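See below for entry35.cif, which holds mmCIF, C-alpha atoms and all ligand atoms.
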data_final
#
loop_
_atom_site.label_atom_id
_atom_site.label_comp_id
_atom_site.auth_asym_id
_atom_site.auth_seq_id
_atom_site.Cartn_x
_atom_site.Cartn_y
_atom_site.Cartn_z
CA MET I 1 17.50 -19.18 -11.83
CA GLU I 2 18.88 -15.72 -12.41
CA HIS I 3 21.10 -14.31 -9.67
CA PHE I 4 19.26 -12.39 -6.95
CA THR I 5 19.65 -10.62 -3.65
CA TYR I 6 16.82 -11.11 -1.19
CA TYR I 7 16.57 -8.37 1.41
CA ALA I 8 13.19 -8.08 3.11
CA PRO I 9 14.15 -6.78 6.54
CA THR I 10 10.75 -5.52 7.74
CA GLU I 11 9.73 -6.91 11.13
CA VAL I 12 6.17 -8.20 10.69
CA VAL I 13 3.89 -8.10 13.72
CA PHE I 14 0.69 -9.93 12.82
CA GLY I 15 -2.57 -10.39 14.73
CA VAL I 16 -5.49 -8.86 16.58
CA GLY I 17 -4.54 -5.93 18.82
CA THR I 18 -0.92 -5.74 17.63
CA GLU I 19 -1.18 -1.97 17.14
CA GLU I 20 -0.85 -1.72 20.92
CA GLN I 21 2.78 -2.74 20.53
CA CYS I 22 3.51 0.22 18.28
CA PRO I 23 5.25 2.45 20.87
CA ALA I 24 7.66 -0.36 21.77
CA TYR I 25 8.56 -0.91 18.12
CA VAL I 26 9.06 2.81 17.49
CA LYS I 27 11.47 2.90 20.42
CA GLN I 28 13.21 -0.28 19.30
CA TYR I 29 14.00 1.39 15.98
CA GLY I 30 15.29 4.58 17.54
CA GLY I 31 12.27 6.88 17.37
CA SER I 32 11.70 9.63 19.94
CA ARG I 33 9.94 12.30 17.84
CA VAL I 34 7.31 10.55 15.77
CA PHE I 35 5.77 12.11 12.68
CA VAL I 36 2.49 10.27 12.07
CA VAL I 37 1.21 10.21 8.48
CA TYR I 38 -2.35 9.23 7.60
CA GLY I 39 -4.87 9.61 4.79
CA GLY I 40 -8.24 11.20 4.23
CA GLY I 41 -9.75 10.43 7.61
CA SER I 42 -10.73 6.75 7.85
CA VAL I 43 -8.31 6.29 10.76
CA LYS I 44 -9.85 9.28 12.52
CA ARG I 45 -13.36 7.92 12.07
CA SER I 46 -12.36 4.48 13.35
CA GLY I 47 -10.59 5.98 16.38
CA LEU I 48 -7.32 4.21 15.46
CA LEU I 49 -5.34 7.43 15.05
CA GLU I 50 -6.32 8.68 18.47
CA ARG I 51 -5.62 5.36 20.14
CA VAL I 52 -2.16 5.10 18.61
CA THR I 53 -1.07 8.71 19.15
CA LYS I 54 -2.27 8.54 22.76
CA ALA I 55 -0.28 5.37 23.34
CA LEU I 56 2.82 6.92 21.77
CA ARG I 57 2.56 9.98 24.04
CA GLN I 58 1.95 7.82 27.11
CA ALA I 59 5.17 6.01 26.24
CA GLY I 60 7.02 9.36 26.45
CA LEU I 61 7.34 9.98 22.72
CA ALA I 62 6.74 13.35 21.06
CA VAL I 63 4.08 13.13 18.34
CA GLU I 64 3.00 15.29 15.42
CA SER I 65 0.23 14.17 13.04
CA PHE I 66 -0.03 14.92 9.34
CA GLY I 67 -3.16 13.83 7.44
CA GLY I 68 -4.43 14.25 3.90
CA ALA I 69 -2.52 11.59 1.94
CA LYS I 70 -4.92 10.74 -0.85
CA PRO I 71 -5.02 7.79 -3.26
CA ASN I 72 -2.31 8.46 -5.87
CA PRO I 73 -0.42 10.65 -3.35
CA THR I 74 1.05 13.87 -4.68
CA VAL I 75 4.46 15.49 -4.53
CA ALA I 76 2.89 18.80 -3.47
CA HIS I 77 1.41 17.16 -0.36
CA VAL I 78 4.69 15.40 0.39
CA ARG I 79 6.55 18.73 0.21
CA GLU I 80 4.18 20.14 2.84
CA GLY I 81 4.81 17.08 4.98
CA ILE I 82 8.56 17.43 4.70
CA GLN I 83 8.39 21.05 5.86
CA ALA I 84 6.25 20.09 8.83
CA ALA I 85 8.46 17.12 9.74
CA VAL I 86 11.64 19.19 9.53
CA SER I 87 10.25 21.92 11.77
CA PHE I 88 8.98 19.29 14.23
CA GLY I 89 12.44 17.70 14.29
CA ALA I 90 11.09 14.24 13.39
CA ASP I 91 13.42 11.28 13.81
CA PHE I 92 10.83 8.60 12.94
CA VAL I 93 7.92 8.49 10.48
CA LEU I 94 4.91 6.29 11.24
CA ALA I 95 2.32 5.58 8.54
CA ILE I 96 -1.19 4.57 9.59
CA GLY I 97 -3.18 3.51 6.54
CA GLY I 98 -2.60 2.01 3.12
CA GLY I 99 -0.18 2.42 0.25
CA SER I 100 -0.93 6.11 -0.17
CA SER I 101 -0.14 6.97 3.45
CA ILE I 102 2.85 4.62 3.52
CA ASP I 103 4.35 6.02 0.32
CA THR I 104 3.77 9.56 1.57
CA ALA I 105 5.52 8.59 4.81
CA LYS I 106 8.47 7.08 2.95
CA ALA I 107 8.83 10.19 0.79
CA ILE I 108 8.62 12.43 3.87
CA ALA I 109 11.29 10.31 5.55
CA HIS I 110 13.60 10.72 2.53
CA GLY I 111 12.90 14.45 2.23
CA THR I 112 13.33 15.14 5.94
CA ALA I 113 16.72 13.42 5.95
CA ASN I 114 17.73 15.46 2.88
CA PRO I 115 16.08 18.85 3.46
CA GLU I 116 18.37 20.65 1.02
CA GLN I 117 17.02 18.58 -1.92
CA ASP I 118 13.67 18.81 -3.65
CA ILE I 119 11.90 15.45 -3.28
CA TRP I 120 11.03 15.18 -6.97
CA SER I 121 14.72 15.37 -7.93
CA ILE I 122 15.23 12.34 -5.67
CA TRP I 123 12.27 10.66 -7.42
CA THR I 124 13.69 11.29 -10.88
CA ARG I 125 17.09 10.10 -9.64
CA GLU I 126 18.83 13.38 -10.47
CA VAL I 127 19.92 13.26 -6.83
CA PRO I 128 20.99 9.90 -5.37
CA LEU I 129 19.26 8.87 -2.14
CA GLU I 130 21.87 8.06 0.48
CA ARG I 131 20.06 8.45 3.79
CA SER I 132 16.54 8.52 5.18
CA LEU I 133 14.63 8.30 8.44
CA PRO I 134 13.23 5.03 9.78
CA VAL I 135 9.62 4.32 8.82
CA GLY I 136 7.08 2.11 10.60
CA VAL I 137 3.63 1.05 9.41
CA ILE I 138 0.24 0.22 10.88
CA LEU I 139 -1.64 -1.22 7.92
CA THR I 140 -5.38 -0.68 7.37
CA ILE I 141 -5.85 -2.07 3.84
CA SER I 142 -4.40 -5.12 2.09
CA ALA I 143 -3.35 -3.97 -1.34
CA ALA I 144 -0.18 -2.11 -2.31
CA GLY I 145 2.24 -4.18 -0.25
CA SER I 146 4.18 -1.01 0.50
CA GLU I 147 4.50 -2.18 4.12
CA MET I 148 7.23 -4.63 3.02
CA SER I 149 8.22 -3.40 -0.44
CA ASP I 150 11.29 -1.45 -1.49
CA SER I 151 9.13 0.85 -3.55
CA ALA I 152 7.20 4.11 -3.17
CA VAL I 153 5.07 5.81 -5.81
CA LEU I 154 4.21 9.50 -6.14
CA THR I 155 2.27 11.58 -8.64
CA ASN I 156 3.56 14.93 -9.80
CA GLU I 157 0.29 16.68 -10.58
CA GLU I 158 1.94 19.58 -12.41
CA ILE I 159 3.29 17.33 -15.15
CA HIS I 160 0.85 14.38 -14.76
CA ARG I 161 3.59 11.91 -14.03
CA LYS I 162 3.24 8.92 -11.72
CA ARG I 163 6.58 7.41 -10.82
CA GLY I 164 8.00 4.97 -8.34
CA ILE I 165 11.45 4.61 -6.87
CA ASN I 166 12.95 1.39 -5.65
CA THR I 167 15.53 1.63 -2.92
CA ARG I 168 16.45 -0.22 0.27
CA PHE I 169 15.56 3.00 2.13
CA ASN I 170 11.93 2.27 1.24
CA ARG I 171 11.87 -0.83 3.45
CA ALA I 172 9.81 -0.17 6.56
CA LYS I 173 11.43 -1.13 9.88
CA PHE I 174 8.24 -2.78 11.09
CA ALA I 175 4.77 -3.50 9.77
CA ILE I 176 1.90 -4.03 12.17
CA LEU I 177 -0.76 -6.19 10.49
CA ASN I 178 -4.05 -6.52 12.33
CA PRO I 179 -6.66 -7.92 9.90
CA GLU I 180 -9.48 -6.49 12.02
CA LEU I 181 -8.37 -2.99 11.06
CA THR I 182 -9.58 -3.71 7.51
CA TYR I 183 -13.19 -4.46 8.50
CA THR I 184 -14.29 -0.87 7.79
CA LEU I 185 -13.06 -0.94 4.18
CA PRO I 186 -15.55 -0.01 1.46
CA LYS I 187 -16.11 -3.00 -0.87
CA GLU I 188 -14.62 -1.13 -3.81
CA GLN I 189 -11.34 -0.85 -1.92
CA ILE I 190 -11.35 -4.57 -1.09
CA ALA I 191 -11.79 -5.25 -4.81
CA CYS I 192 -9.02 -2.83 -5.81
CA GLY I 193 -6.75 -4.30 -3.15
CA THR I 194 -7.38 -7.90 -4.19
CA THR I 195 -6.57 -6.97 -7.79
CA ASP I 196 -3.37 -5.18 -6.82
CA ILE I 197 -2.19 -8.10 -4.66
CA MET I 198 -2.75 -10.49 -7.57
CA MET I 199 -1.01 -8.14 -9.94
CA HIS I 200 2.17 -7.86 -7.87
CA THR I 201 2.61 -11.58 -8.34
CA LEU I 202 1.28 -11.75 -11.92
CA ASP I 203 3.70 -8.99 -12.95
CA ARG I 204 6.51 -11.17 -11.61
CA TYR I 205 5.17 -14.57 -12.71
CA PHE I 206 4.93 -13.63 -16.38
CA ASN I 207 8.62 -13.19 -17.08
CA PRO I 208 11.06 -15.02 -19.36
CA VAL I 209 12.60 -17.23 -16.64
CA GLU I 210 10.97 -20.37 -15.17
CA ASN I 211 11.84 -21.36 -11.59
CA GLU I 212 9.88 -24.17 -10.01
CA LEU I 213 9.91 -23.06 -6.38
CA THR I 214 9.27 -19.38 -7.10
CA ASP I 215 6.55 -20.23 -9.62
CA ALA I 216 4.86 -22.64 -7.21
CA LEU I 217 4.88 -20.00 -4.44
CA ALA I 218 3.39 -17.51 -6.87
CA GLU I 219 0.64 -19.91 -7.93
CA ALA I 220 -0.26 -20.73 -4.32
CA LEU I 221 -0.46 -17.05 -3.48
CA LEU I 222 -2.68 -16.35 -6.48
CA ARG I 223 -5.07 -19.21 -5.65
CA THR I 224 -5.31 -17.96 -2.07
CA VAL I 225 -6.01 -14.36 -3.05
CA ILE I 226 -8.63 -15.39 -5.63
CA GLN I 227 -10.46 -17.49 -3.04
CA PHE I 228 -10.34 -15.04 -0.16
CA GLY I 229 -10.80 -11.87 -2.22
CA THR I 230 -14.29 -13.08 -3.05
CA LYS I 231 -14.94 -14.03 0.58
CA ALA I 232 -13.76 -10.68 1.94
CA LEU I 233 -15.98 -8.90 -0.52
CA GLU I 234 -18.98 -10.95 0.61
CA ASP I 235 -18.22 -10.27 4.27
CA PRO I 236 -15.59 -7.61 5.05
CA ALA I 237 -15.59 -8.78 8.69
CA ASP I 238 -14.50 -12.34 7.80
CA TYR I 239 -11.32 -12.62 9.88
CA GLN I 240 -9.83 -15.53 8.00
CA ALA I 241 -10.41 -13.92 4.63
CA GLN I 242 -8.91 -10.60 5.72
CA SER I 243 -5.98 -12.42 7.36
CA GLU I 244 -5.15 -14.34 4.21
CA LEU I 245 -5.40 -11.20 2.10
CA MET I 246 -3.26 -9.18 4.46
CA TRP I 247 -0.40 -11.63 4.59
CA ALA I 248 -0.66 -12.29 0.85
CA GLY I 249 -0.51 -8.55 0.20
CA SER I 250 2.77 -8.25 2.06
CA LEU I 251 4.34 -11.36 0.52
CA SER I 252 3.18 -10.50 -2.97
CA HIS I 253 5.28 -7.37 -3.12
CA ASN I 254 8.28 -8.03 -0.87
CA GLY I 255 10.11 -9.74 -3.73
CA LEU I 256 9.49 -13.40 -2.77
CA THR I 257 7.20 -14.35 -5.65
CA GLY I 258 9.66 -13.19 -8.30
CA LEU I 259 13.00 -14.41 -6.94
CA GLY I 260 15.37 -15.70 -9.58
CA GLY I 261 13.27 -14.24 -12.37
CA LYS I 262 13.21 -10.99 -14.32
CA PRO I 263 10.14 -9.12 -13.06
CA ASP I 264 8.05 -7.71 -15.89
CA PHE I 265 5.78 -5.02 -14.36
CA ALA I 266 4.52 -3.82 -17.74
CA VAL I 267 0.92 -3.88 -16.51
CA HIS I 268 1.85 -1.60 -13.61
CA GLN I 269 3.47 0.84 -16.03
CA LEU I 270 0.42 0.74 -18.30
CA GLY I 271 -1.84 1.37 -15.31
CA HIS I 272 0.23 4.24 -13.88
CA GLU I 273 -0.53 6.26 -17.01
CA LEU I 274 -4.27 5.95 -16.30
CA SER I 275 -3.79 7.05 -12.69
CA ALA I 276 -1.44 9.94 -13.54
CA ARG I 277 -3.77 11.39 -16.13
CA PHE I 278 -7.24 10.44 -14.90
CA ASP I 279 -6.62 9.74 -11.19
CA VAL I 280 -7.94 6.16 -11.50
CA ALA I 281 -7.61 4.02 -8.35
CA HIS I 282 -4.47 1.90 -8.70
CA GLY I 283 -6.11 -1.57 -8.58
CA ALA I 284 -8.77 -0.52 -11.09
CA SER I 285 -6.13 0.82 -13.48
CA LEU I 286 -4.46 -2.61 -13.53
CA ALA I 287 -7.66 -4.61 -14.08
CA ALA I 288 -8.58 -2.28 -16.94
CA VAL I 289 -5.51 -3.19 -18.99
CA TRP I 290 -4.54 -6.72 -17.87
CA GLY I 291 -6.77 -8.62 -20.33
CA ALA I 292 -5.56 -6.62 -23.34
CA TRP I 293 -1.94 -7.00 -22.21
CA ALA I 294 -2.33 -10.77 -21.71
CA GLU I 295 -3.92 -11.34 -25.12
CA TYR I 296 -1.21 -9.26 -26.77
CA VAL I 297 1.80 -10.98 -25.14
CA CYS I 298 0.42 -14.54 -24.84
CA PRO I 299 1.76 -15.70 -28.25
CA THR I 300 5.29 -14.94 -27.00
CA LYS I 301 5.11 -18.04 -24.77
CA VAL I 302 1.77 -19.79 -24.85
CA SER I 303 3.02 -22.59 -22.58
CA ARG I 304 3.50 -20.12 -19.73
CA PHE I 305 -0.09 -18.93 -19.92
CA ALA I 306 -1.24 -22.55 -20.19
CA ARG I 307 0.65 -23.46 -17.01
CA TYR I 308 -0.91 -20.46 -15.27
CA ALA I 309 -4.39 -21.54 -16.38
CA ARG I 310 -3.92 -25.08 -15.12
CA ASN I 311 -2.14 -24.37 -11.84
CA VAL I 312 -4.04 -21.27 -10.77
CA TRP I 313 -7.48 -21.72 -12.31
CA GLY I 314 -7.67 -25.52 -12.48
CA VAL I 315 -8.15 -25.52 -16.25
CA THR I 316 -8.06 -29.12 -17.53
CA GLU I 317 -7.78 -28.44 -21.28
CA SER I 318 -4.79 -30.32 -22.66
CA GLU I 319 -4.07 -28.11 -25.66
CA ASP I 320 -1.87 -25.21 -24.60
CA ALA I 321 -3.39 -22.50 -26.79
CA LYS I 322 -6.93 -23.26 -25.61
CA ALA I 323 -5.87 -23.57 -21.96
CA ALA I 324 -4.04 -20.24 -22.18
CA ASP I 325 -7.12 -18.50 -23.58
CA GLU I 326 -9.27 -20.01 -20.86
CA GLY I 327 -6.89 -18.80 -18.15
CA ILE I 328 -6.97 -15.26 -19.53
CA ARG I 329 -10.76 -15.34 -19.76
CA LYS I 330 -11.13 -16.64 -16.20
CA THR I 331 -8.86 -13.90 -14.89
CA VAL I 332 -10.77 -11.15 -16.67
CA ASP I 333 -14.08 -12.64 -15.52
CA TYR I 334 -12.76 -12.71 -11.96
CA PHE I 335 -11.88 -9.01 -12.08
CA ALA I 336 -15.38 -8.33 -13.44
CA SER I 337 -16.88 -10.38 -10.57
CA LEU I 338 -15.09 -8.07 -8.13
CA GLY I 339 -16.64 -5.08 -9.89
CA MET I 340 -13.36 -4.00 -11.44
CA PRO I 341 -13.21 -2.43 -14.92
CA THR I 342 -11.92 -4.77 -17.63
CA GLY I 343 -11.33 -2.06 -20.22
CA LEU I 344 -10.78 1.69 -20.37
CA GLY I 345 -14.53 2.24 -20.78
CA GLY I 346 -15.15 1.10 -17.20
CA CYS I 347 -12.80 3.65 -15.63
CA ILE I 348 -11.81 6.55 -17.88
CA GLY I 349 -14.37 6.08 -20.68
CA VAL I 350 -13.61 5.02 -24.24
CA GLN I 351 -11.00 7.44 -25.59
CA ASN I 352 -10.34 8.85 -29.05
CA ASP I 353 -7.30 7.64 -30.96
CA GLU I 354 -5.31 10.82 -30.35
CA ILE I 355 -5.51 10.37 -26.57
CA VAL I 356 -4.70 6.65 -26.81
CA ARG I 357 -1.59 7.48 -28.86
CA ASP I 358 -0.58 10.15 -26.38
CA MET I 359 -1.01 7.72 -23.47
CA ALA I 360 1.34 5.30 -25.23
CA TYR I 361 3.82 8.11 -25.92
CA ARG I 362 3.83 9.11 -22.27
CA CYS I 363 3.96 5.55 -20.95
CA ALA I 364 7.03 5.05 -23.14
CA TYR I 365 8.51 8.23 -21.59
CA GLU I 366 8.26 10.14 -24.87
CA GLY I 367 9.51 7.15 -26.79
CA THR I 368 12.68 6.77 -24.73
CA ARG I 369 11.96 3.49 -22.94
CA THR I 370 10.50 0.04 -23.37
CA ILE I 371 8.56 -1.77 -20.65
CA GLY I 372 8.25 -5.42 -19.65
CA THR I 373 10.46 -8.50 -19.85
CA PHE I 374 8.08 -11.36 -20.73
CA ARG I 375 7.76 -9.49 -23.95
CA VAL I 376 9.61 -6.22 -24.30
CA LEU I 377 7.08 -3.58 -25.34
CA ASN I 378 7.92 -0.43 -27.24
CA GLN I 379 5.70 2.60 -27.78
CA GLN I 380 3.89 0.96 -30.71
CA ASP I 381 3.19 -2.20 -28.67
CA ILE I 382 1.94 -0.06 -25.80
CA TYR I 383 -0.37 1.76 -28.19
CA GLU I 384 -1.74 -1.56 -29.50
CA ILE I 385 -2.47 -2.72 -25.95
CA TYR I 386 -4.25 0.49 -24.97
CA ARG I 387 -6.21 0.26 -28.23
CA LYS I 388 -7.23 -3.33 -27.42
CA ALA I 389 -8.30 -2.19 -23.94
CA ASN I 390 -10.24 0.79 -25.33
CA HIS I 391 -13.73 -0.64 -24.95
O1 LIG I 401 -7.48 7.95 3.02
P1 LIG I 401 -8.38 7.22 3.97
O2 LIG I 401 -9.45 8.06 4.54
O3 LIG I 401 -7.61 6.45 5.00
O4 LIG I 401 -9.20 6.16 3.07
C1 LIG I 401 -8.57 5.18 2.30
C2 LIG I 401 -8.60 5.48 0.82
O5 LIG I 401 -9.72 6.21 0.47
C3 LIG I 401 -9.38 3.93 2.38
N1 LIG I 401 -9.05 3.09 3.52
C4 LIG I 401 -7.87 2.53 3.83
N2 LIG I 401 -7.99 1.76 4.92
C5 LIG I 401 -9.27 1.85 5.30
C6 LIG I 401 -9.95 2.72 4.44
N3 LIG I 401 -11.26 3.00 4.56
C7 LIG I 401 -11.92 2.44 5.57
N4 LIG I 401 -11.33 1.57 6.45
C8 LIG I 401 -10.02 1.26 6.35
N5 LIG I 401 -9.47 0.37 7.19
O6 LIG I 401 -9.06 3.20 1.20
C9 LIG I 401 -8.71 4.12 0.18
C10 LIG I 401 -7.45 3.64 -0.50
O7 LIG I 401 -6.33 3.81 0.35
P2 LIG I 401 -4.87 3.77 -0.27
O8 LIG I 401 -3.89 3.98 0.78
O9 LIG I 401 -4.85 4.68 -1.47
O10 LIG I 401 -4.85 2.25 -0.82
P3 LIG I 401 -3.73 1.34 -1.40
O11 LIG I 401 -3.11 0.57 -0.30
O12 LIG I 401 -4.34 0.63 -2.51
O13 LIG I 401 -2.59 2.31 -1.96
C11 LIG I 401 -2.62 2.80 -3.26
C12 LIG I 401 -1.36 3.59 -3.55
O14 LIG I 401 -0.21 2.75 -3.40
C13 LIG I 401 0.56 2.80 -4.60
C14 LIG I 401 -0.49 3.02 -5.66
O15 LIG I 401 0.05 3.44 -6.89
C15 LIG I 401 -1.37 4.06 -5.01
O16 LIG I 401 -0.80 5.34 -5.11
N6 LIG I 401 1.37 1.59 -4.73
C16 LIG I 401 2.43 1.50 -3.93
C17 LIG I 401 3.31 0.43 -4.01
C18 LIG I 401 4.49 0.34 -3.17
N7 LIG I 401 4.85 1.42 -2.48
O17 LIG I 401 5.16 -0.70 -3.10
C19 LIG I 401 3.12 -0.66 -4.99
C20 LIG I 401 1.80 -0.64 -5.67
O18 LIG I 401 1.95 -1.24 -6.94
C21 LIG I 401 1.19 0.70 -5.85
O19 LIG I 401 1.70 1.37 -7.00
ZN ZN I 402 0.39 -2.33 -7.52
#

Please go through the file and, once you have read it, give me the structure as structure tokens.
Amino acid sequence: MEHFTYYAPTEVVFGVGTEEQCPAYVKQYGGSRVFVVYGGGSVKRSGLLERVTKALRQAGLAVESFGGAKPNPTVAHVREGIQAAVSFGADFVLAIGGGSSIDTAKAIAHGTANPEQDIWSIWTREVPLERSLPVGVILTISAAGSEMSDSAVLTNEEIHRKRGINTRFNRAKFAILNPELTYTLPKEQIACGTTDIMMHTLDRYFNPVENELTDALAEALLRTVIQFGTKALEDPADYQAQSELMWAGSLSHNGLTGLGGKPDFAVHQLGHELSARFDVAHGASLAAVWGAWAEYVCPTKVSRFARYARNVWGVTESEDAKAADEGIRKTVDYFASLGMPTGLGGCIGVQNDEIVRDMAYRCAYEGTRTIGTFRVLNQQDIYEIYRKANH
């Protein structure tokens, strides 16, 4: 095992009706003026926003709402939110929604605590982040894991850059997880979410270090998500399926399934380029490149892919190379069964070579960085993977 620090301080409140406890948790974590961040309107249509804001006001808290966080949330929208939160005098930010609302809320919390700084300079790390406001979450989609993660991702539309920052200030104080709140999800979002949950563990599992306990936890999580992702898609109101997905989503990205390893996250970096440039939904962007990535890096350590195939997919083939191939094929087939794209053609269309080269150039930050740890990928490797996925 590599050395690690495990800090996952978010208080998880799981179960039917738990959103009713929101005012108490806001108070517990010091909130009195609550800036509520939500997305494009699903929480308005379901009545959740009104129920929660009413309960907050009845508990004597001041409330201001700020909607409009969209998938692949933008810096421009966050800047508007920061202005509104500063003039409201917010001392607590509450996200109601999924990763896009939560990441917008985190960014607004950072910006409101540092009003003299532009938020993008915090994102690019020109300015160190040393304080923020507390953030709470009521989750409505199992996917990004932002409710427990130390990460937040924004897109700067002006320069087509999608970037995340990892900091302890991104850890939410509490996360309210009521699986019933996901029943209204469109099937496409359940599919994207299932893919993203799997990918947060896959991007940790495929790394150069082997650790039995961490690997076994990762495999159990993957088996669970594969099983219940299909069930939730068949019946979005299946409580057990949505429960399993919700808890898996939080555990998959709070650090647990990669402890003691060297997280890879190359597939996430490959996918972010698709979202930054073509606004592809996050989960879909990952499914579109995973197969090409896996085939490209598998020869680096075939035994790892063989173990994955046997322990996650029940492959019985005894020869490692064949088992590894079967595991990759089963994974890609699973994404296809969810309706996810398994190549660029299914999401951004087949691209000409000039664009594929430019995507690689940008993913490698103009040739200044490599990505991944399982196999370290430079700009040329990234190009080869995009080319393989270009079908
Ligand atoms: O915006 P509304 O109207 O709420 O609709 C959303 C949105 O269209 C809808 N939705 C959510 N809950 C619903 C619902 N519709 C009906 N009923 C409900 N209960 O679903 C759509 C997707 O929502 P979004 O918040 O975008 O989903 P997700 O949780 O997948 O978040 C994606 C964002 O998170 C980032 C992604 O890059 C992307 O920007 N990520 C954040 C991470 C983190 N902070 O740790 C890690 C991830 O790897 C990821 O990068
Ligand atoms: Zn993700």

Selection within 7 Å of ligand LIG 401 (chain I) by only C-alpha atoms and all ligand atoms, output as a PDB file with C-alpha atoms, keeping the file's coordinate frame:
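The resulting pocket22.pdb:
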ATOM      1  CA  TYR I  38      -2.350   9.230   7.600  1.00  0.00           C
ATOM      2  CA  GLY I  39      -4.870   9.610   4.790  1.00  0.00           C
ATOM      3  CA  GLY I  40      -8.240  11.200   4.230  1.00  0.00           C
ATOM      4  CA  GLY I  41      -9.750  10.430   7.610  1.00  0.00           C
ATOM      5  CA  SER I  42     -10.730   6.750   7.850  1.00  0.00           C
ATOM      6  CA  VAL I  43      -8.310   6.290  10.760  1.00  0.00           C
ATOM      7  CA  ALA I  69      -2.520  11.590   1.940  1.00  0.00           C
ATOM      8  CA  LYS I  70      -4.920  10.740  -0.850  1.00  0.00           C
ATOM      9  CA  PRO I  71      -5.020   7.790  -3.260  1.00  0.00           C
ATOM     10  CA  ASN I  72      -2.310   8.460  -5.870  1.00  0.00           C
ATOM     11  CA  PRO I  73      -0.420  10.650  -3.350  1.00  0.00           C
ATOM     12  CA  GLY I  97      -3.180   3.510   6.540  1.00  0.00           C
ATOM     13  CA  GLY I  98      -2.600   2.010   3.120  1.00  0.00           C
ATOM     14  CA  GLY I  99      -0.180   2.420   0.250  1.00  0.00           C
ATOM     15  CA  SER I 100      -0.930   6.110  -0.170  1.00  0.00           C
ATOM     16  CA  SER I 101      -0.140   6.970   3.450  1.00  0.00           C
ATOM     17  CA  ASP I 103       4.350   6.020   0.320  1.00  0.00           C
ATOM     18  CA  THR I 140      -5.380  -0.680   7.370  1.00  0.00           C
ATOM     19  CA  ILE I 141      -5.850  -2.070   3.840  1.00  0.00           C
ATOM     20  CA  SER I 142      -4.400  -5.120   2.090  1.00  0.00           C
ATOM     21  CA  ALA I 143      -3.350  -3.970  -1.340  1.00  0.00           C
ATOM     22  CA  ALA I 144      -0.180  -2.110  -2.310  1.00  0.00           C
ATOM     23  CA  GLY I 145       2.240  -4.180  -0.250  1.00  0.00           C
ATOM     24  CA  SER I 146       4.180  -1.010   0.500  1.00  0.00           C
ATOM     25  CA  SER I 149       8.220  -3.400  -0.440  1.00  0.00           C
ATOM     26  CA  ASP I 150      11.290  -1.450  -1.490  1.00  0.00           C
ATOM     27  CA  SER I 151       9.130   0.850  -3.550  1.00  0.00           C
ATOM     28  CA  ALA I 152       7.200   4.110  -3.170  1.00  0.00           C
ATOM     29  CA  VAL I 153       5.070   5.810  -5.810  1.00  0.00           C
ATOM     30  CA  LEU I 154       4.210   9.500  -6.140  1.00  0.00           C
ATOM     31  CA  LEU I 181      -8.370  -2.990  11.060  1.00  0.00           C
ATOM     32  CA  THR I 182      -9.580  -3.710   7.510  1.00  0.00           C
ATOM     33  CA  TYR I 183     -13.190  -4.460   8.500  1.00  0.00           C
ATOM     34  CA  THR I 184     -14.290  -0.870   7.790  1.00  0.00           C
ATOM     35  CA  LEU I 185     -13.060  -0.940   4.180  1.00  0.00           C
ATOM     36  CA  PRO I 186     -15.550  -0.010   1.460  1.00  0.00           C
ATOM     37  CA  GLN I 189     -11.340  -0.850  -1.920  1.00  0.00           C
ATOM     38  CA  CYS I 192      -9.020  -2.830  -5.810  1.00  0.00           C
ATOM     39  CA  GLY I 193      -6.750  -4.300  -3.150  1.00  0.00           C
ATOM     40  CA  ASP I 196      -3.370  -5.180  -6.820  1.00  0.00           C
ATOM     41  CA  HIS I 200       2.170  -7.860  -7.870  1.00  0.00           C
ATOM     42  CA  HIS I 253       5.280  -7.370  -3.120  1.00  0.00           C
ATOM     43  CA  HIS I 268       1.850  -1.600 -13.610  1.00  0.00           C
ATOM     44  CA  HIS I 282      -4.470   1.900  -8.700  1.00  0.00           C
ATOM     45  CA  GLY I 283      -6.110  -1.570  -8.580  1.00  0.00           C
TER      46      GLY I 283
END

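Reported to one decimal place, the separation of CA of Glu295 (chain I) from CA of Gly255 (chain I) is 25.6 Å.
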
If you count all atoms listed in the file, the residue of I:Met148, I:Ile138, I:Ala172, I:Ala360 closest to Thr18 (chain I) turns out to be I:Ile138

Contact residues around Ala90 (chain I) with all atoms listed in the file at 7 Å, ignoring same-chain residues under 3 positions, as JSON, numbers by chain
{"I": [33, 34, 35, 85, 86]}

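Distances from I:Gln227, I:Thr257, I:Ser250, I:Thr300 to Glu212 (chain I) were compared using only C-alpha atoms, and the smallest one belongs to I:Thr257.
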
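When all atoms listed in the file are used to measure the gap to Ile122 (chain I), the shortest distance among I:Leu251, I:Val75, I:Met340, I:Leu61 belongs to I:Val75.
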
Distance criterion (all atoms listed in the file): nearest to ligand ZN 402 (chain I) out of I:Ser121, I:Ser243, I:Ser252, I:Ser32 =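 Of the candidates, the smallest distance to ligand ZN 402 (chain I) is held by I:Ser252.
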
Please provide as a ChimeraX atom specification all residues within 9 Å of Glu19 (chain I), with the sequence filter that same-chain residues fewer than 6 positions apart are discarded (counting all atoms listed in the file). /I:13,48,52,138,176-178

Exercise. Residues at most 7 Å from Asn156 (chain I), counting only C-alpha atoms, excluding those fewer than 5 positions away in the same chain, as JSON, numbers by chain?
Worked result: {"I": [74, 75, 161, 162]}

Starting from the structure just given, write a file holding region 233-239 of chain I with C-alpha atoms, as a short mmCIF file (atom, residue, chain, number, x, y, z; two decimals), in the first residue's frame.
data_model
loop_
_atom_site.label_atom_id
_atom_site.label_comp_id
_atom_site.auth_asym_id
_atom_site.auth_seq_id
_atom_site.Cartn_x
_atom_site.Cartn_y
_atom_site.Cartn_z
CA LEU I 233 -33.17 1.70 -15.84
CA GLU I 234 -35.94 -0.89 -16.14
CA ASP I 235 -37.91 0.69 -13.30
CA PRO I 236 -36.75 4.12 -12.07
CA ALA I 237 -39.09 3.75 -9.06
CA ASP I 238 -37.35 0.57 -7.80
CA TYR I 239 -36.39 1.68 -4.28
#
